[in-house]
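Q: Structure incoming, see below.
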Amino acid sequence: MAPPPSVRIIEVGPRDGLQNISNVVPTRVKVELIERLSRAGLRSIEPTSFVSPKWVPQLADAPEVMRAISGLVKQQAAPGTGRDAAYPVLVPNVKGLEAAVKAGARDIGLFISASEGFSRKNINCSIAESLERMHKVVEKALPLGIRVRAYISCIFYCPYDGPTDPSRVLALTQKLLDMGCYEVSLGDTLGVGSPAQVRRLLGVLLPHVPVARLAAHFHDTYGQAVANAVAAYELGVRTFDSSVAGLGGCPYSPGAKGNLSSEDIVYTFHQMGIATGVDLDELVRTGHWISQQIGIPNGSRAGAAIYTKLNPTAPALAKNVLSSTKIATATSSSSSSSSSSSSSEEYVIERTNAIVKITLNRARNGNALTTSMLSNLTALFKSLAADRTVHRIVLTARGSYFCTGMDLTAAPATTPAAKRANFAALHALFAAVDRCPQPTIALVNGPAFGGGVGLAFACDVRLCSPRAVFTLTEARLGICPAVVSRYIFREWGVAVAREAMLSARRVTAAELQTRTGAVHGVADDESQGALAALLAAYLDRLRFCAPGASEQIKELARAAWRFAGDERQDEVIGEAFAQMIDSEEARVGMENFRRGVKETDWDNVAMAGKSKL
Ligand SMILES: CC(C)(COP(=O)([O-])OP(=O)([O-])OC[C@H]1O[C@@H](n2cnc3c(N)ncnc32)[C@H](O)[C@@H]1OP(=O)([O-])[O-])[C@@H](O)C(=O)NCCC(=O)NCCSC(=O)C[C@@](C)(O)CC(=O)[O-]
């Protein structure tokens, strides 16, 4: 019986994926990533590169990484291992080759651009000079038994020269194979290609080049990476570069999705009955792990979906937030690019990179808080609190009202147990909002009543429509605003809050803004657009405030309120100071300042270790 069709996956995450991340990922994390990928069945992994640390500071630890994975690299030479096991390191020139060989590399990768403009901008030489440089490396590498893989970038399009003529790619491919490279990886650097372009290019190449000597390297900027890989497969290509968790990015499209995700392409091939040799579940766990380690959302859609299935009890968030999105790792301020959402009758959750927006969705009941909403929202806020990739949370509502408080149509609790449960559910929700480590922003679109007022003031910040009016109606109903009082007294001050509770009067956002400072912005007019603009400007400011520091600030504020002036406040301050001084964030922020980067875009900073502090 014929063996099932198979493909070879070259995992490029540890090199191509991580190299765009501006803050240094610790060597031990890189090494563990490579080991995990290997355990997931990936036999070809690009571990690092030997380019100058000045160009790619992230990979300055290449010798240490190679030393740590020397066992894996040695296995590559074991009898019967075959060509498919490889750890190609990128080298730019003979100097890089020498360093790579010294570090134990047995397989190298060389890169060249199919476009003159890109070549000159990227490596400061013409294509002809680049070929000459490669030739020198190959001449030295082959006699040492070092195998050479080549990458051609900009196969479809160059940011400087425009569309790439396929005949140029053909000519280069032939030269590289003639030179002695065992394989040429065709790179759509900008991720602009589509299956039609893949067919066109391969149509030009395949009459002249053995397809077994070609690999495909796609980026997902326009969401075409999997489709492109399938198109290439259908034309006979059997080797694909991909990156776990879709790590990577396109330097010319800040915020764009990264490389073809390994989880996505392995899932696709398995669905097609094509073997990859990869344990997809293990790969998915690895993608989740590295995303957590470096503090950026998992860029693989299949990865996020499968991880949720594998861990049904883990994040309630996973149930609600359909998939995470990749944050670009450049330091540009325009990196917000992709989003996902999920909705229920109770609320809608939208995620845009590091921001999660929750929109209450029971407009016909004024977004009154049912028992089920209380428990689901509590679980949601708790899971968001635990997710280090979420940096800011926005709470808003659909319809005319923000939230009309407790559901008054529900049968009243009569037994002591039911009353306790009622209290516990209310208390838990406000506490979960209050204790979120991330800055929480209530975007108050309209009037709020009772518990709805509590919800807005359990958040850290309030941005309001001029329609937002806060009414603590409880006294009119013969009850008192017990649970919410904690947040109302804290944010409004006792004098204002007591009077508003006693009179159950309407308190406008403008009044709270001027009298108490507990409203932080009121939109210019009642339109949705004005409120959205207010939010956008505020969120943009918050991305320059470090997440760990924000968490600490919230602790300090809580302590200031609870322990004002007493020794316990000093204890919290002392702890915060000690943690701050040693924190990874402090190191990054200060280092950036010294380098002249006055404002660090923390959404694009990868942080090592469990805590950002
Ligand atoms: C909001 C207006 C002015 C709209 O006035 P309206 O004339 O009802 O206007 P509408 O046409 O916009 O209708 C909104 C719909 O939402 C419903 N609705 C509205 N609110 C609720 C609610 N809470 N529970 C259940 N349903 C609610 C309302 O009954 C109506 O349903 P419909 O008649 O179309 O079927 C009026 O309906 C109203 O006064 N609602 C009550 C608001 C209120 O007093 N909330 C406080 C609740 S008590 C509380 O939260 C206690 C707590 C948590 O603070 C205790 C503690 O802290 O310990």
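By convention here, the chains of the structure tokens are called A, B, ... in the order presented, each chain's residues are numbered starting at 1, and ligands are numbered starting at 1 in the order presented.
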Counting only C-alpha atoms, what is within 8 Å of segment 219-236 of chain A, bar same-chain residues fewer than 5 positions away, as a ChimeraX atom specification?

A: /A:188-195,198-199,202,211-212,249-250,253,256-260,264-265,268

Q: Produce a file of the selected residues containing N, CA and C atoms, as a PDB file, in the first residue's frame.

A:
ATOM      1  N   ASP A 188       7.256  35.105   0.572  1.00  0.00           N
ATOM      2  CA  ASP A 188       6.367  36.248   0.327  1.00  0.00           C
ATOM      3  C   ASP A 188       6.508  37.166   1.543  1.00  0.00           C
ATOM      4  N   THR A 189       7.553  37.962   1.551  1.00  0.00           N
ATOM      5  CA  THR A 189       7.942  38.747   2.722  1.00  0.00           C
ATOM      6  C   THR A 189       6.834  39.655   3.229  1.00  0.00           C
ATOM      7  N   LEU A 190       6.096  40.259   2.297  1.00  0.00           N
ATOM      8  CA  LEU A 190       5.047  41.195   2.709  1.00  0.00           C
ATOM      9  C   LEU A 190       3.718  40.511   2.993  1.00  0.00           C
ATOM     10  N   GLY A 191       3.625  39.238   2.599  1.00  0.00           N
ATOM     11  CA  GLY A 191       2.357  38.525   2.825  1.00  0.00           C
ATOM     12  C   GLY A 191       1.220  39.064   1.975  1.00  0.00           C
ATOM     13  N   VAL A 192       1.559  39.550   0.783  1.00  0.00           N
ATOM     14  CA  VAL A 192       0.527  40.136  -0.074  1.00  0.00           C
ATOM     15  C   VAL A 192       0.023  39.155  -1.133  1.00  0.00           C
ATOM     16  N   GLY A 193       0.736  38.035  -1.281  1.00  0.00           N
ATOM     17  CA  GLY A 193       0.404  37.101  -2.353  1.00  0.00           C
ATOM     18  C   GLY A 193      -0.916  36.388  -2.112  1.00  0.00           C
ATOM     19  N   SER A 194      -1.476  35.885  -3.202  1.00  0.00           N
ATOM     20  CA  SER A 194      -2.719  35.110  -3.121  1.00  0.00           C
ATOM     21  C   SER A 194      -2.496  33.827  -3.920  1.00  0.00           C
ATOM     22  N   PRO A 195      -3.415  32.862  -3.813  1.00  0.00           N
ATOM     23  CA  PRO A 195      -3.214  31.612  -4.564  1.00  0.00           C
ATOM     24  C   PRO A 195      -2.992  31.843  -6.055  1.00  0.00           C
ATOM     25  N   VAL A 198       0.553  32.522  -6.511  1.00  0.00           N
ATOM     26  CA  VAL A 198       1.351  31.315  -6.260  1.00  0.00           C
ATOM     27  C   VAL A 198       1.368  30.463  -7.529  1.00  0.00           C
ATOM     28  N   ARG A 199       0.193  30.300  -8.135  1.00  0.00           N
ATOM     29  CA  ARG A 199       0.097  29.464  -9.344  1.00  0.00           C
ATOM     30  C   ARG A 199       0.902  30.091 -10.477  1.00  0.00           C
ATOM     31  N   LEU A 202       4.717  29.607  -9.668  1.00  0.00           N
ATOM     32  CA  LEU A 202       5.160  28.221  -9.830  1.00  0.00           C
ATOM     33  C   LEU A 202       5.033  27.780 -11.287  1.00  0.00           C
ATOM     34  N   VAL A 211      10.598  20.442  -8.330  1.00  0.00           N
ATOM     35  CA  VAL A 211       9.748  20.960  -7.252  1.00  0.00           C
ATOM     36  C   VAL A 211      10.247  20.500  -5.878  1.00  0.00           C
ATOM     37  N   ALA A 212      10.932  19.353  -5.835  1.00  0.00           N
ATOM     38  CA  ALA A 212      11.438  18.835  -4.551  1.00  0.00           C
ATOM     39  C   ALA A 212      12.511  19.739  -3.960  1.00  0.00           C
ATOM     40  N   GLY A 249       6.080  38.800  11.882  1.00  0.00           N
ATOM     41  CA  GLY A 249       5.345  39.993  11.481  1.00  0.00           C
ATOM     42  C   GLY A 249       5.937  40.507  10.202  1.00  0.00           C
ATOM     43  N   CYS A 250       5.357  41.550   9.724  1.00  0.00           N
ATOM     44  CA  CYS A 250       5.881  42.140   8.504  1.00  0.00           C
ATOM     45  C   CYS A 250       6.338  43.553   8.850  1.00  0.00           C
ATOM     46  N   SER A 253       4.319  46.298   7.350  1.00  0.00           N
ATOM     47  CA  SER A 253       2.902  46.448   7.683  1.00  0.00           C
ATOM     48  C   SER A 253       2.772  46.353   9.185  1.00  0.00           C
ATOM     49  N   ALA A 256       0.603  43.833  11.292  1.00  0.00           N
ATOM     50  CA  ALA A 256       0.097  42.749  10.457  1.00  0.00           C
ATOM     51  C   ALA A 256       0.307  41.405  11.129  1.00  0.00           C
ATOM     52  N   LYS A 257      -0.485  40.416  10.718  1.00  0.00           N
ATOM     53  CA  LYS A 257      -0.287  39.064  11.215  1.00  0.00           C
ATOM     54  C   LYS A 257       1.102  38.614  10.791  1.00  0.00           C
ATOM     55  N   GLY A 258       1.590  37.581  11.479  1.00  0.00           N
ATOM     56  CA  GLY A 258       2.955  37.143  11.233  1.00  0.00           C
ATOM     57  C   GLY A 258       3.073  36.093  10.153  1.00  0.00           C
ATOM     58  N   ASN A 259       3.961  35.148  10.408  1.00  0.00           N
ATOM     59  CA  ASN A 259       4.188  34.072   9.457  1.00  0.00           C
ATOM     60  C   ASN A 259       2.967  33.161   9.385  1.00  0.00           C
ATOM     61  N   LEU A 260       2.946  32.357   8.343  1.00  0.00           N
ATOM     62  CA  LEU A 260       1.996  31.248   8.293  1.00  0.00           C
ATOM     63  C   LEU A 260       2.116  30.515   9.625  1.00  0.00           C
ATOM     64  N   ASP A 264      -1.971  26.292  12.193  1.00  0.00           N
ATOM     65  CA  ASP A 264      -2.979  26.413  11.133  1.00  0.00           C
ATOM     66  C   ASP A 264      -2.651  25.484   9.960  1.00  0.00           C
ATOM     67  N   ILE A 265      -1.380  25.466   9.558  1.00  0.00           N
ATOM     68  CA  ILE A 265      -1.063  24.677   8.368  1.00  0.00           C
ATOM     69  C   ILE A 265      -1.052  23.176   8.691  1.00  0.00           C
ATOM     70  N   THR A 268      -4.620  22.163   8.673  1.00  0.00           N
ATOM     71  CA  THR A 268      -5.129  22.081   7.296  1.00  0.00           C
ATOM     72  C   THR A 268      -4.657  20.800   6.622  1.00  0.00           C
TER      73      THR A 268
END

Q: Find the residues around segment 89-105 of chain A up to 7 Å (only C-alpha atoms counted), leave out those fewer than 6 positions away in its own chain, and share them as a PyMOL selection string.

A: chain A and resi 46-51+63+66-67+133-134+136-137

Q: Using only C-alpha atoms and all ligand atoms, which protein or nucleic acid residues are at most 10 Å from ligand 1, as a ChimeraX atom specification?

A: /A:362-370,399-410,422-423,426-427,430,447-455,471-488,504

Q: For segment 465-470 of chain A, find every residue with an atom within 7 Å (counting only C-alpha atoms), except residues of its own chain fewer than 6 positions away, and show them as a VMD selection string.

A: chain A and resid 444 to 449 453 506 to 509 522 to 523 525 to 526 531

Q: As a ChimeraX atom specification, list the residues of segment 354-598 of chain A assigned to strand (DSSP E) by DSSP on the backbone atoms of this structure.

A: /A:355-360,392-397,440-444,448-449,461-464,469-471,506-508,521-522

Q: Would you mind reading off the distance between atom CA of Glu499 of chain A and atom CA of Arg562 of chain A, one decimal, in Å?

A: 22.1 Å
